[in-house]
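A.B. asks: The structure file structure.txt (compact mmCIF, N, CA and C atoms and all ligand atoms) is provided below.
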```
# COMPACT_ATOMS: atom_id res chain seq x y z
N MET A 287 3.51 22.69 16.45
CA MET A 287 4.33 22.37 17.61
C MET A 287 5.10 21.06 17.38
N TYR A 288 4.41 20.13 16.74
CA TYR A 288 5.02 18.83 16.48
C TYR A 288 6.19 18.97 15.51
N SER A 289 5.96 19.76 14.44
CA SER A 289 6.98 19.91 13.41
C SER A 289 8.22 20.63 13.97
N LYS A 290 8.01 21.54 14.90
CA LYS A 290 9.11 22.26 15.51
C LYS A 290 9.99 21.30 16.33
N ALA A 291 9.34 20.45 17.06
CA ALA A 291 10.07 19.46 17.87
C ALA A 291 10.88 18.56 16.96
N TYR A 292 10.34 18.29 15.81
CA TYR A 292 11.00 17.42 14.84
C TYR A 292 12.28 18.06 14.32
N LEU A 293 12.29 19.39 14.24
CA LEU A 293 13.44 20.11 13.70
C LEU A 293 14.65 20.08 14.62
N PHE A 294 14.40 20.04 15.91
CA PHE A 294 15.52 20.07 16.85
C PHE A 294 16.03 18.67 17.15
N PRO A 295 17.34 18.50 17.10
CA PRO A 295 17.89 17.18 17.44
C PRO A 295 17.55 16.82 18.89
N GLN A 296 17.25 15.57 19.11
CA GLN A 296 16.82 15.10 20.42
C GLN A 296 17.82 15.45 21.53
N LYS A 297 19.07 15.31 21.21
CA LYS A 297 20.13 15.54 22.18
C LYS A 297 20.15 16.98 22.69
N LEU A 298 20.02 17.89 21.77
CA LEU A 298 20.05 19.31 22.09
C LEU A 298 18.87 19.69 22.99
N ARG A 299 17.72 19.20 22.63
CA ARG A 299 16.52 19.52 23.41
C ARG A 299 16.66 19.00 24.83
N TYR A 300 17.20 17.82 24.93
CA TYR A 300 17.36 17.20 26.24
C TYR A 300 18.33 17.99 27.10
N HIS A 301 19.41 18.40 26.48
CA HIS A 301 20.42 19.17 27.19
C HIS A 301 19.84 20.49 27.72
N GLY A 302 19.07 21.17 26.85
CA GLY A 302 18.47 22.44 27.24
C GLY A 302 17.56 22.28 28.43
N ARG A 303 16.80 21.20 28.41
CA ARG A 303 15.86 20.96 29.49
C ARG A 303 16.56 20.68 30.82
N THR A 304 17.62 19.94 30.77
CA THR A 304 18.35 19.62 32.00
C THR A 304 18.92 20.89 32.61
N THR A 305 19.44 21.76 31.76
CA THR A 305 20.02 23.00 32.25
C THR A 305 18.96 23.83 32.96
N VAL A 306 17.78 23.91 32.35
CA VAL A 306 16.69 24.68 32.95
C VAL A 306 16.30 24.08 34.29
N ASN A 307 16.18 22.74 34.33
CA ASN A 307 15.81 22.07 35.57
C ASN A 307 16.83 22.32 36.67
N ARG A 308 18.09 22.29 36.29
CA ARG A 308 19.14 22.48 37.28
C ARG A 308 19.10 23.90 37.83
N ALA A 309 18.89 24.87 36.95
CA ALA A 309 18.80 26.26 37.39
C ALA A 309 17.61 26.43 38.32
N ARG A 310 16.50 25.79 38.00
CA ARG A 310 15.30 25.90 38.81
C ARG A 310 15.51 25.28 40.19
N ALA A 311 16.21 24.16 40.22
CA ALA A 311 16.49 23.50 41.49
C ALA A 311 17.35 24.39 42.38
N LYS A 312 18.27 25.10 41.76
CA LYS A 312 19.13 26.02 42.50
C LYS A 312 18.32 27.14 43.13
N VAL A 313 17.38 27.70 42.37
CA VAL A 313 16.55 28.79 42.88
C VAL A 313 15.66 28.26 44.01
N ALA A 314 15.11 27.07 43.83
CA ALA A 314 14.26 26.48 44.87
C ALA A 314 15.05 26.32 46.17
N LEU A 315 16.28 25.85 46.04
CA LEU A 315 17.15 25.67 47.19
C LEU A 315 17.42 27.01 47.87
N SER A 316 17.63 28.01 47.06
CA SER A 316 17.90 29.35 47.58
C SER A 316 16.72 29.88 48.40
N VAL A 317 15.52 29.78 47.82
CA VAL A 317 14.33 30.27 48.52
C VAL A 317 14.07 29.44 49.78
N CYS A 318 14.24 28.13 49.69
CA CYS A 318 14.02 27.25 50.84
C CYS A 318 14.99 27.57 51.98
N SER A 319 16.26 27.74 51.66
CA SER A 319 17.23 28.00 52.72
C SER A 319 16.99 29.38 53.33
N TRP A 320 16.48 30.30 52.53
CA TRP A 320 16.15 31.63 53.05
C TRP A 320 15.01 31.52 54.07
N PHE A 321 13.99 30.74 53.74
CA PHE A 321 12.87 30.56 54.68
C PHE A 321 13.31 29.82 55.94
N GLU A 322 14.18 28.82 55.75
CA GLU A 322 14.69 28.09 56.92
C GLU A 322 15.40 29.06 57.87
N GLU A 323 16.17 29.94 57.26
CA GLU A 323 16.91 30.93 58.03
C GLU A 323 15.95 31.87 58.78
N ARG A 324 14.92 32.30 58.06
CA ARG A 324 13.94 33.20 58.68
C ARG A 324 13.21 32.50 59.83
N LYS A 325 12.91 31.23 59.66
CA LYS A 325 12.20 30.47 60.70
C LYS A 325 13.00 30.45 62.00
N LYS A 326 14.33 30.35 61.85
CA LYS A 326 15.21 30.30 63.02
C LYS A 326 15.05 31.54 63.88
N TYR A 327 14.78 32.69 63.21
CA TYR A 327 14.73 33.95 63.95
C TYR A 327 13.31 34.47 64.11
N SER A 328 12.33 33.63 63.85
CA SER A 328 10.95 34.09 63.98
C SER A 328 10.31 33.54 65.26
N ASP A 329 9.33 34.29 65.74
CA ASP A 329 8.59 33.83 66.92
C ASP A 329 7.56 32.80 66.50
N ILE A 330 7.36 31.81 67.35
CA ILE A 330 6.31 30.84 67.08
C ILE A 330 5.09 31.30 67.87
N MET A 331 3.96 31.43 67.18
CA MET A 331 2.75 31.86 67.87
C MET A 331 2.21 30.70 68.71
N PRO A 332 2.05 30.93 70.00
CA PRO A 332 1.66 29.83 70.89
C PRO A 332 0.29 29.24 70.57
N ASP A 333 -0.63 30.06 70.05
CA ASP A 333 -1.98 29.55 69.80
C ASP A 333 -2.07 28.70 68.54
N THR A 334 -1.29 29.04 67.50
CA THR A 334 -1.41 28.33 66.23
C THR A 334 -0.19 27.49 65.87
N GLY A 335 0.96 27.81 66.48
CA GLY A 335 2.18 27.09 66.14
C GLY A 335 2.83 27.58 64.86
N PHE A 336 2.31 28.68 64.29
CA PHE A 336 2.89 29.25 63.07
C PHE A 336 4.10 30.11 63.40
N TYR A 337 5.00 30.17 62.45
CA TYR A 337 6.14 31.09 62.58
C TYR A 337 5.67 32.46 62.10
N GLN A 338 5.90 33.47 62.91
CA GLN A 338 5.44 34.80 62.51
C GLN A 338 6.59 35.68 62.05
N LEU A 339 6.52 36.11 60.78
CA LEU A 339 7.53 37.01 60.25
C LEU A 339 7.23 38.44 60.72
N THR A 340 8.23 39.30 60.66
CA THR A 340 8.02 40.67 61.11
C THR A 340 7.33 41.52 60.05
N GLU A 341 7.36 41.07 58.78
CA GLU A 341 6.72 41.84 57.71
C GLU A 341 5.19 41.64 57.76
N PRO A 342 4.45 42.74 57.55
CA PRO A 342 2.99 42.61 57.59
C PRO A 342 2.38 41.98 56.34
N THR A 343 3.02 42.09 55.19
CA THR A 343 2.45 41.52 53.96
C THR A 343 3.47 40.64 53.25
N ARG A 344 2.97 39.75 52.39
CA ARG A 344 3.88 38.84 51.70
C ARG A 344 4.71 39.58 50.65
N LYS A 345 4.18 40.71 50.17
CA LYS A 345 4.93 41.52 49.20
C LYS A 345 6.21 42.05 49.85
N LEU A 346 6.07 42.45 51.11
CA LEU A 346 7.24 42.96 51.84
C LEU A 346 8.23 41.84 52.17
N VAL A 347 7.70 40.65 52.34
CA VAL A 347 8.58 39.50 52.58
C VAL A 347 9.43 39.26 51.33
N LYS A 348 8.79 39.33 50.16
CA LYS A 348 9.52 39.17 48.89
C LYS A 348 10.55 40.29 48.73
N GLU A 349 10.20 41.50 49.14
CA GLU A 349 11.15 42.61 49.03
C GLU A 349 12.37 42.38 49.93
N GLN A 350 12.13 41.80 51.08
CA GLN A 350 13.24 41.48 51.98
C GLN A 350 14.14 40.42 51.35
N TYR A 351 13.50 39.46 50.69
CA TYR A 351 14.27 38.43 50.00
C TYR A 351 15.16 39.07 48.92
N ASP A 352 14.54 39.95 48.12
CA ASP A 352 15.29 40.62 47.05
C ASP A 352 16.48 41.40 47.62
N LEU A 353 16.25 42.03 48.74
CA LEU A 353 17.31 42.80 49.40
C LEU A 353 18.45 41.87 49.83
N ASP A 354 18.08 40.71 50.36
CA ASP A 354 19.08 39.74 50.79
C ASP A 354 19.84 39.15 49.61
N VAL A 355 19.16 39.04 48.46
CA VAL A 355 19.82 38.57 47.25
C VAL A 355 20.96 39.53 46.90
N ASP A 356 20.71 40.84 47.07
CA ASP A 356 21.71 41.86 46.76
C ASP A 356 22.79 41.99 47.81
N THR A 357 22.45 41.78 49.06
CA THR A 357 23.39 42.14 50.12
C THR A 357 24.04 40.97 50.86
N VAL A 358 23.34 39.85 50.97
CA VAL A 358 23.92 38.75 51.74
C VAL A 358 24.91 37.97 50.87
N LYS A 359 26.17 38.00 51.26
CA LYS A 359 27.20 37.33 50.46
C LYS A 359 28.15 36.54 51.34
N ALA A 360 28.69 35.50 50.74
CA ALA A 360 29.69 34.71 51.44
C ALA A 360 31.07 35.20 51.02
N CYS A 361 31.90 35.49 52.01
CA CYS A 361 33.24 36.00 51.73
C CYS A 361 34.17 35.60 52.86
N PRO A 362 35.39 35.25 52.53
CA PRO A 362 36.31 34.85 53.59
C PRO A 362 36.88 36.04 54.39
N CYS A 363 36.57 37.26 54.01
CA CYS A 363 37.19 38.41 54.68
C CYS A 363 36.64 38.61 56.10
N GLU A 364 37.39 39.35 56.89
CA GLU A 364 37.06 39.59 58.29
C GLU A 364 35.77 40.41 58.42
N ARG A 365 35.66 41.44 57.58
CA ARG A 365 34.55 42.39 57.67
C ARG A 365 33.19 41.71 57.44
N SER A 366 33.15 40.75 56.54
CA SER A 366 31.88 40.12 56.16
C SER A 366 31.23 39.37 57.32
N ARG A 367 31.98 39.13 58.38
CA ARG A 367 31.40 38.42 59.52
C ARG A 367 30.43 39.29 60.29
N SER A 368 30.61 40.60 60.25
CA SER A 368 29.73 41.47 61.01
C SER A 368 28.85 42.34 60.12
N GLU A 369 29.23 42.56 58.87
CA GLU A 369 28.43 43.41 57.98
C GLU A 369 28.69 43.03 56.53
N PRO A 370 27.79 43.46 55.61
CA PRO A 370 28.01 43.15 54.20
C PRO A 370 29.29 43.84 53.70
N CYS A 371 30.12 43.13 52.99
CA CYS A 371 31.34 43.72 52.46
C CYS A 371 31.20 43.89 50.95
N ASP A 372 32.08 44.67 50.35
CA ASP A 372 31.98 44.79 48.89
C ASP A 372 33.21 44.24 48.19
N CYS A 373 33.77 43.17 48.73
CA CYS A 373 34.90 42.52 48.07
C CYS A 373 34.44 41.98 46.71
N GLU A 374 35.37 41.99 45.77
CA GLU A 374 35.02 41.51 44.44
C GLU A 374 34.75 40.01 44.44
N GLY A 375 35.41 39.30 45.32
CA GLY A 375 35.26 37.85 45.35
C GLY A 375 34.07 37.34 46.16
N ALA A 376 33.32 38.26 46.77
CA ALA A 376 32.17 37.84 47.58
C ALA A 376 31.11 37.18 46.70
N THR A 377 30.59 36.04 47.17
CA THR A 377 29.61 35.30 46.38
C THR A 377 28.21 35.47 46.96
N PRO A 378 27.24 35.88 46.13
CA PRO A 378 25.87 35.98 46.62
C PRO A 378 25.39 34.61 47.10
N ILE A 379 24.62 34.61 48.18
CA ILE A 379 24.13 33.34 48.73
C ILE A 379 22.76 33.00 48.14
N TYR A 380 21.93 34.03 47.97
CA TYR A 380 20.58 33.81 47.46
C TYR A 380 20.47 34.22 46.00
N ILE A 381 19.56 33.56 45.30
CA ILE A 381 19.39 33.80 43.87
C ILE A 381 18.05 34.50 43.61
N GLU A 382 18.09 35.45 42.71
CA GLU A 382 16.90 36.21 42.33
C GLU A 382 15.82 35.28 41.78
N CYS A 383 14.55 35.57 42.11
CA CYS A 383 13.47 34.79 41.50
C CYS A 383 12.22 35.65 41.39
N SER A 384 11.28 35.20 40.60
CA SER A 384 10.06 35.96 40.37
C SER A 384 9.15 35.87 41.59
N PRO A 385 8.29 36.88 41.80
CA PRO A 385 7.35 36.81 42.93
C PRO A 385 6.49 35.55 42.88
N ALA A 386 6.01 35.18 41.71
CA ALA A 386 5.14 34.00 41.58
C ALA A 386 5.85 32.74 42.05
N TYR A 387 7.11 32.60 41.67
CA TYR A 387 7.88 31.43 42.07
C TYR A 387 8.13 31.42 43.57
N PHE A 388 8.45 32.59 44.08
CA PHE A 388 8.71 32.76 45.51
C PHE A 388 7.48 32.36 46.34
N TYR A 389 6.33 32.89 45.94
CA TYR A 389 5.08 32.59 46.67
C TYR A 389 4.71 31.11 46.56
N ASN A 390 5.04 30.55 45.40
CA ASN A 390 4.73 29.14 45.18
C ASN A 390 5.52 28.24 46.15
N ILE A 391 6.81 28.52 46.28
CA ILE A 391 7.65 27.74 47.22
C ILE A 391 7.15 27.95 48.65
N TRP A 392 6.86 29.19 48.95
CA TRP A 392 6.36 29.54 50.29
C TRP A 392 5.11 28.72 50.61
N HIS A 393 4.16 28.78 49.69
CA HIS A 393 2.88 28.10 49.87
C HIS A 393 3.07 26.59 49.99
N THR A 394 3.95 26.05 49.15
CA THR A 394 4.13 24.59 49.10
C THR A 394 4.92 24.05 50.29
N HIS A 395 6.00 24.73 50.65
CA HIS A 395 6.91 24.16 51.66
C HIS A 395 6.90 24.86 53.01
N PHE A 396 6.40 26.08 53.04
CA PHE A 396 6.46 26.83 54.30
C PHE A 396 5.12 27.45 54.67
N SER A 397 4.09 26.65 54.58
CA SER A 397 2.75 27.18 54.88
C SER A 397 2.59 27.49 56.37
N ASP A 398 3.57 27.07 57.18
CA ASP A 398 3.51 27.39 58.61
C ASP A 398 4.21 28.72 58.91
N VAL A 399 4.68 29.40 57.86
CA VAL A 399 5.30 30.72 58.03
C VAL A 399 4.29 31.78 57.59
N ARG A 400 3.94 32.66 58.50
CA ARG A 400 2.90 33.64 58.21
C ARG A 400 3.39 35.06 58.42
N THR A 401 2.73 36.00 57.73
CA THR A 401 3.01 37.42 57.96
C THR A 401 2.16 37.88 59.13
N THR A 402 2.47 39.05 59.66
CA THR A 402 1.68 39.56 60.77
C THR A 402 0.25 39.87 60.34
N ARG A 403 0.12 40.36 59.10
CA ARG A 403 -1.20 40.72 58.59
C ARG A 403 -2.13 39.53 58.60
N LYS A 404 -1.60 38.39 58.17
CA LYS A 404 -2.45 37.21 58.06
C LYS A 404 -2.98 36.76 59.43
N SER A 405 -2.11 36.85 60.43
CA SER A 405 -2.54 36.40 61.74
C SER A 405 -3.45 37.42 62.43
N LEU A 406 -3.41 38.66 61.90
CA LEU A 406 -4.28 39.69 62.48
C LEU A 406 -5.51 39.93 61.61
N MET A 407 -5.70 39.06 60.66
CA MET A 407 -6.76 39.20 59.67
C MET A 407 -8.11 39.58 60.28
N GLN A 408 -8.50 38.88 61.31
CA GLN A 408 -9.82 39.12 61.89
C GLN A 408 -9.96 40.56 62.39
N ARG A 409 -8.92 41.04 63.02
CA ARG A 409 -8.96 42.40 63.54
C ARG A 409 -8.98 43.42 62.40
N ASP A 410 -8.21 43.13 61.33
CA ASP A 410 -8.14 44.04 60.20
C ASP A 410 -9.50 44.17 59.50
N ASP A 411 -10.24 43.10 59.47
CA ASP A 411 -11.52 43.11 58.78
C ASP A 411 -12.53 44.09 59.38
N GLN A 412 -12.32 44.43 60.63
CA GLN A 412 -13.28 45.29 61.32
C GLN A 412 -13.18 46.76 60.89
N HIS A 413 -12.04 47.14 60.27
CA HIS A 413 -11.85 48.54 59.92
C HIS A 413 -12.75 48.95 58.77
ZN ZN A 501 34.67 40.47 51.85
```
Could you spell out this file's structure in structure tokens?
Ligand SMILES: [Zn+2]
C.D. replies:
Amino acid sequence: MYSKAYLFPQKLRYHGRTTVNRARAKVALSVCSWFEERKKYSDIMPDTGFYQLTEPTRKLVKEQYDLDVDTVKACPCERSRSEPCDCEGATPIYIECSPAYFYNIWHTHFSDVRTTRKSLMQRDDQH
């Protein structure tokens, strides 16, 4: 590992790392703004103060995110204000990410956002 590092010029390695960090920051921002958006439209549970999502499992929450990555786009056209448009110039708002990364951001920054399953855990256990 040491000899490999020695082979690469310092400048190149540094550049590569910055690019990766920048890409990662962009994805983090994407996931965070998606959760912020979801929080705006979620009910707050009066007993716990948690935001309750409509999806019963976190896997389905990730699937909704993936769907929004494909469909939610920013576009100056009239149609995009009420529904997804397919203009060529439309820019995706959210960036694709792995489930592990998605759950990690969720756990770290949005632990007050819960699925329905989690809040109904006690009842589910009885089955
Ligand atoms: Zn459009």
A.B. asks: Can you tell me which residues sit at most 6 Å away from ligand ZN 501 (chain A), counting only N, CA and C atoms and all ligand atoms, written as a list of chain:residue names?
C.D. replies: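 Counting only what the definition allows, namely only N, CA and C atoms and all ligand atoms, the set is A:Cys361, A:Pro362, A:Cys363, A:Glu364, A:Arg365, A:Ser366, A:Cys371, A:Asp372, A:Cys373, A:Ala376.
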A.B. asks: Assign secondary structure with DSSP using the backbone only, and return the residues of range 302-380 of chain A in strand (DSSP E or B) as a list in words.
C.D. replies: Asp329, Ile330, Tyr337, Gln338, Lys359, Ala360, Thr377 and Pro378 of chain A
A.B. asks: With all atoms listed in the file as the counted atoms, please give the residues lying no more than 6 Å from range 313-330 of chain A, apart from itself and same-chain residues fewer than 4 positions off, as a list in words.
C.D. replies: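 With the cut-off at 6 Å, the set is Ala309, Gly335, Phe336, Tyr337, Gln338, Leu339, Tyr380 and Ile381 of chain A.
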A.B. asks: Hey, can you check how far atom C of Thr401 in chain A sits from atom N of Val347 in chain A?
C.D. replies: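 Interatomic distance here is 9.2 Å.
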A.B. asks: Just checking: using all atoms listed in the file, which residue out of A:Lys359, A:Glu341, A:Tyr351, A:Val306 ends up closest to Cys383 in chain A?
C.D. replies: A:Tyr351
A.B. asks: Between atom C of Ile379 in chain A and atom C of Asp354 in chain A, what is the spacing in Å?
C.D. replies: 7.0 Å
A.B. asks: Work out how far apart atom C of Phe396 in chain A and CA of Thr377 in chain A are and give it in Å to one decimal.
C.D. replies: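 Between atom C of Phe396 in chain A and CA of Thr377 in chain A the gap works out to 27.0 Å.
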